Amino acid sequence: MNFRVKCCGLQFENPLVLASGYLGVTGASLANVAKNGAGGVTSKTLFMEERAGYPNPTSLTFPGGLINAMGLSGEGIRNAKAEFETYRNLAPDCPILGSVGGKTLKELVECAEIMDTYPVDLIELNLSCPSGADEKELPFSCDPDITAKITRAVRKVTRKPISVKLSPKAYRIGEIAQRAEAEGADAITAVNGMGPGMLIDIRMRAPSLGNKVGDVSGQALKPIALGCVYEIYEHVKIPIIGTGGIVNGNDAIEMLMAGATLLGIGSAIAYYDLKAFAMIQEKIKRFMEEEGFKDISDLVGIAHKR
Ligand SMILES: Cc1cc2nc3c(=O)[nH]c(=O)nc-3n(C[C@H](O)[C@H](O)[C@H](O)COP(=O)(O)O)c2cc1C
């Protein structure tokens with residue numbers, strides 16, 4: 001049975017890729033994820049400047065998933081080079097996607113230019129976090145023209161493969177993905193969290209998150225993410241990194257059938273720790289055996305054939 005995936009010219013031992021952000025950006029922690037069975041890893045989104053992020057709590061679980069408002073915290077991209085080098089030494093054969101963000105087109109392009117010089121295999125353009133000063137502004141990827149403009153600008157500064165990460169808040173996400181493809185994107189990552197959402201602490205009589213509102217991920221996001229990936233698959237030829245609510249084998253298989261070539265894993269780690277990678281792989285393999293699939297690629301997009 002073939003479980004390997006070739007995507008954007010890169011070889012992944014299996015289709016499961018750590019989604020951006022969930023486990024930070026240190027090279028050692030990302031390499032530990034690779035050691036625990038991920039086929040690839042994505043760094044946390046890096047911006048030009050260092051950011052403190054929002055007050056705690058920044059991430060909470062609830063019965064249907066997770067809600068987070070990190071506030072784009074992290075070291076600036078210029079301080080992160082050593083972490084990518086550490087990763088490369090510790091996990092030379094497991095592809096790493098370097099995620100970049102920006103409050104402006106200029107910042108995004110500058111970050112991509114810097115990421116291009118780092119030992120990453122693919123640059124993920126995070127166009128799916130809020131573009132303005134707070135969570136209430138729409139992400140860049142909700143606007144097809146802005147998505148096209150940023151993709152075009154980044155395409156000019158790197159020869160590495162680019163994946164454009166989209167937001168589920170977008171209207172007509174398939175057409176947005178198509179615009180990114182037309183401007184030279186090599187893949188689409190779909191999707192980031194959905195929101196703004198809220199939890200309320202009834203004893204405190206106040207919103208639970210430090211930032212009050214945040215993005216929902218995990219199980220609650222799954223049907224939305226699947227719908228987005230299904231729609232995108234009908235609009236583009238480039239591969240999709242299907243992300244959102246994959247917490248078990250069944251979710252993973254649904255995402256493949258909707259059209260994803262690779263599968264982003266984030267919130268599942270909150271429930272199953274790094275064992276999530278081995279557990280999900282085992283379930284996909286068992287399904288393939290039971291149903292007579294010889295190659296993982298045979299599952300991709302088959303929900304469209306009926
Ligand atoms: C705590 C946390 C931090 C995240 N940080 C980032 C980030 O830095 N960049 C990004 O593109 N997505 C970020 N995400 C979104 C995830 O990469 C992913 O798109 C989303 O959580 C949906 O996948 P999931 O349901 O498997 O978690 C973050 C999600 C969580 C829960």
# chains A, B, ... in the order shown; residues from 1 in each chain; ligands from 1
>>> residues_around(residues="A:Ala80", least_positions_apart="5", cutoff="12 Å", atoms="only C-alpha atoms", output="ChimeraX atom specification")
/A:24-27,43-50,74-75,85-87,98-100,111,114-115,117-120
>>> select_by_dssp(residues="stretch 66-279 of chain A", states="strand (DSSP E)", output="MDAnalysis selection string")
chainID A and resid 66:68 96:100 122:126 162:166 187:190 194:197 200:201 206:207 214:217 240:243 262:265
>>> select_by_dssp(residues="stretch 16-132 of chain A", states="helix (DSSP H, G or I)", output="PyMOL selection string")
chain A and resi 27-35+77-79+81-90+105-116
>>> closest_residue(among="A:Leu60, A:Leu30, A:Ala153, A:Ala180", to="ligand 1", atoms="only C-alpha atoms and all ligand atoms")
A:Leu60
>>> residues_around(residues="A:Met288", least_positions_apart="6", cutoff="9 Å", atoms="only C-alpha atoms", output="ChimeraX atom specification")
/A:1,294-296,299
>>> write_last_selection(atoms="N, CA and C atoms", output="PDB file, in the first residue's frame")
ATOM      1  N   MET A   1       0.853  -1.198   0.000  1.00  0.00           N
ATOM      2  CA  MET A   1       0.000   0.000   0.000  1.00  0.00           C
ATOM      3  C   MET A   1       0.896   1.259   0.000  1.00  0.00           C
ATOM      4  N   LYS A 294      -5.177   0.929  -2.895  1.00  0.00           N
ATOM      5  CA  LYS A 294      -3.746   0.592  -2.907  1.00  0.00           C
ATOM      6  C   LYS A 294      -2.872   1.832  -2.715  1.00  0.00           C
ATOM      7  N   ASP A 295      -3.415   3.015  -3.051  1.00  0.00           N
ATOM      8  CA  ASP A 295      -2.612   4.231  -3.006  1.00  0.00           C
ATOM      9  C   ASP A 295      -3.448   5.342  -2.378  1.00  0.00           C
ATOM     10  N   ILE A 296      -2.835   6.068  -1.462  1.00  0.00           N
ATOM     11  CA  ILE A 296      -3.566   7.140  -0.764  1.00  0.00           C
ATOM     12  C   ILE A 296      -4.135   8.160  -1.763  1.00  0.00           C
ATOM     13  N   LEU A 299      -7.789   8.168  -2.979  1.00  0.00           N
ATOM     14  CA  LEU A 299      -8.902   8.695  -2.164  1.00  0.00           C
ATOM     15  C   LEU A 299      -9.182  10.164  -2.468  1.00  0.00           C
TER      16      LEU A 299
END
>>> residues_around(residues="A:Val216", least_positions_apart="4", cutoff="10 Å", atoms="only C-alpha atoms", output="ChimeraX atom specification")
/A:59-62,64-69,192-198,220-221,244-245,267
>>> write_last_selection(atoms="all heavy atoms", output="short mmCIF file (atom, residue, chain, number, x, y, z; two decimals), in the first residue's frame")
data_model
loop_
_atom_site.label_atom_id
_atom_site.label_comp_id
_atom_site.auth_asym_id
_atom_site.auth_seq_id
_atom_site.Cartn_x
_atom_site.Cartn_y
_atom_site.Cartn_z
N SER A 59 -6.09 30.39 24.66
CA SER A 59 -6.61 29.21 23.97
C SER A 59 -7.36 28.33 24.97
O SER A 59 -6.84 28.04 26.04
CB SER A 59 -5.41 28.46 23.37
OG SER A 59 -5.83 27.26 22.78
N LEU A 60 -8.59 27.96 24.63
CA LEU A 60 -9.42 27.17 25.56
C LEU A 60 -10.09 26.04 24.80
O LEU A 60 -10.45 26.20 23.62
CB LEU A 60 -10.51 28.05 26.17
CG LEU A 60 -10.04 29.22 27.06
CD1 LEU A 60 -11.18 30.19 27.29
CD2 LEU A 60 -9.51 28.69 28.39
N THR A 61 -10.30 24.91 25.47
CA THR A 61 -11.06 23.83 24.84
C THR A 61 -12.52 23.93 25.28
O THR A 61 -12.82 24.48 26.34
CB THR A 61 -10.54 22.44 25.26
OG1 THR A 61 -10.50 22.36 26.66
CG2 THR A 61 -9.18 22.15 24.69
N PHE A 62 -13.40 23.42 24.47
CA PHE A 62 -14.82 23.26 24.82
C PHE A 62 -15.27 21.95 24.18
O PHE A 62 -14.53 21.39 23.36
CB PHE A 62 -15.65 24.48 24.38
CG PHE A 62 -15.72 24.67 22.89
CD1 PHE A 62 -16.83 24.22 22.17
CD2 PHE A 62 -14.69 25.28 22.19
CE1 PHE A 62 -16.91 24.39 20.80
CE2 PHE A 62 -14.76 25.45 20.81
CZ PHE A 62 -15.87 25.01 20.12
N GLY A 64 -16.91 21.02 21.75
CA GLY A 64 -16.88 20.90 20.28
C GLY A 64 -15.57 21.30 19.65
O GLY A 64 -15.48 21.39 18.44
N GLY A 65 -14.54 21.57 20.43
CA GLY A 65 -13.29 21.96 19.81
C GLY A 65 -12.47 22.91 20.65
O GLY A 65 -12.40 22.76 21.87
N LEU A 66 -11.89 23.89 19.97
CA LEU A 66 -10.97 24.83 20.61
C LEU A 66 -11.32 26.24 20.16
O LEU A 66 -11.84 26.43 19.05
CB LEU A 66 -9.57 24.54 20.04
CG LEU A 66 -8.44 24.27 21.01
CD1 LEU A 66 -8.59 22.84 21.51
CD2 LEU A 66 -7.11 24.41 20.29
N ILE A 67 -11.02 27.20 21.02
CA ILE A 67 -11.15 28.60 20.58
C ILE A 67 -9.85 29.29 20.97
O ILE A 67 -9.32 29.05 22.06
CB ILE A 67 -12.40 29.26 21.19
CG1 ILE A 67 -12.59 30.68 20.63
CG2 ILE A 67 -12.39 29.27 22.71
CD1 ILE A 67 -14.00 31.23 20.84
N ASN A 68 -9.31 30.09 20.07
CA ASN A 68 -8.06 30.78 20.41
C ASN A 68 -8.01 32.19 19.88
O ASN A 68 -8.58 32.50 18.83
CB ASN A 68 -6.84 29.97 19.93
CG ASN A 68 -6.44 30.31 18.51
OD1 ASN A 68 -5.66 31.23 18.26
ND2 ASN A 68 -7.00 29.58 17.55
N ALA A 69 -7.34 33.03 20.65
CA ALA A 69 -7.01 34.39 20.21
C ALA A 69 -5.61 34.65 20.73
O ALA A 69 -5.42 35.10 21.85
CB ALA A 69 -7.99 35.40 20.79
N ASN A 192 -8.13 28.25 7.88
CA ASN A 192 -7.77 28.73 9.21
C ASN A 192 -9.01 28.64 10.10
O ASN A 192 -10.05 28.15 9.66
CB ASN A 192 -7.27 30.17 9.11
CG ASN A 192 -6.23 30.49 10.17
OD1 ASN A 192 -6.43 30.21 11.36
ND2 ASN A 192 -5.11 31.06 9.76
N GLY A 193 -8.94 29.13 11.31
CA GLY A 193 -10.08 29.06 12.24
C GLY A 193 -11.25 29.94 11.79
O GLY A 193 -11.11 30.81 10.94
N MET A 194 -12.43 29.66 12.37
CA MET A 194 -13.66 30.40 12.01
C MET A 194 -14.06 31.28 13.19
O MET A 194 -14.01 30.85 14.34
CB MET A 194 -14.77 29.38 11.72
CG MET A 194 -16.08 29.97 11.30
SD MET A 194 -15.86 30.71 9.67
CE MET A 194 -17.50 31.31 9.34
N GLY A 195 -14.50 32.47 12.90
CA GLY A 195 -14.93 33.33 14.01
C GLY A 195 -15.45 34.66 13.51
O GLY A 195 -15.70 34.79 12.32
N PRO A 196 -15.56 35.66 14.36
CA PRO A 196 -15.19 35.59 15.77
C PRO A 196 -16.17 34.77 16.60
O PRO A 196 -17.38 34.87 16.42
CB PRO A 196 -15.21 37.07 16.22
CG PRO A 196 -16.04 37.78 15.22
CD PRO A 196 -16.00 37.00 13.96
N GLY A 197 -15.62 33.93 17.49
CA GLY A 197 -16.44 33.14 18.40
C GLY A 197 -16.16 33.54 19.83
O GLY A 197 -15.22 34.28 20.11
N MET A 198 -16.98 33.03 20.75
CA MET A 198 -16.83 33.43 22.15
C MET A 198 -17.26 32.32 23.09
O MET A 198 -18.17 31.55 22.77
CB MET A 198 -17.70 34.67 22.40
CG MET A 198 -17.61 35.21 23.83
SD MET A 198 -18.67 36.68 24.06
CE MET A 198 -17.63 37.97 23.43
N ALA A 220 -15.79 21.41 15.75
CA ALA A 220 -16.84 22.36 15.33
C ALA A 220 -16.55 22.93 13.94
O ALA A 220 -17.45 23.37 13.22
CB ALA A 220 -16.97 23.49 16.35
N LEU A 221 -15.26 22.94 13.58
CA LEU A 221 -14.87 23.53 12.29
C LEU A 221 -14.96 22.52 11.14
O LEU A 221 -15.00 22.90 9.97
CB LEU A 221 -13.42 24.05 12.42
CG LEU A 221 -12.78 24.74 11.24
CD1 LEU A 221 -13.54 26.03 10.87
CD2 LEU A 221 -11.31 25.10 11.55
N GLY A 244 -8.63 21.59 9.30
CA GLY A 244 -9.80 22.05 10.06
C GLY A 244 -10.60 20.88 10.57
O GLY A 244 -11.29 20.19 9.81
N GLY A 245 -10.46 20.63 11.87
CA GLY A 245 -11.32 19.63 12.52
C GLY A 245 -10.96 18.19 12.26
O GLY A 245 -11.78 17.30 12.51
N SER A 267 -5.73 21.08 16.18
CA SER A 267 -6.44 20.89 17.45
C SER A 267 -6.43 19.44 17.95
O SER A 267 -6.56 19.21 19.15
CB SER A 267 -7.89 21.36 17.30
OG SER A 267 -7.91 22.73 16.94
#
>>> closest_residue(among="A:Gly184, A:Gly210, A:Gly249, A:Gly264", to="ligand 1", atoms="only C-alpha atoms and all ligand atoms")
A:Gly264
>>> residues_around(residues="A:Lys283", least_positions_apart="6", cutoff="10 Å", atoms="only C-alpha atoms", output="PyMOL selection string")
chain A and resi 248-250+252-253+289
>>> closest_residue(among="A:Lys305, A:Lys149, A:His235, A:Arg51", to="ligand 1", atoms="only C-alpha atoms and all ligand atoms")
A:Arg51
>>> closest_residue(among="A:Asn56, A:Thr158, A:Asn14, A:Ser167", to="A:Asn211", atoms="only C-alpha atoms")
A:Asn56
>>> atom_distance(atom1="atom CA of A:Ile200", atom2="atom 2 (C, counted along the ligand's line) of ligand 1")
19.0 Å
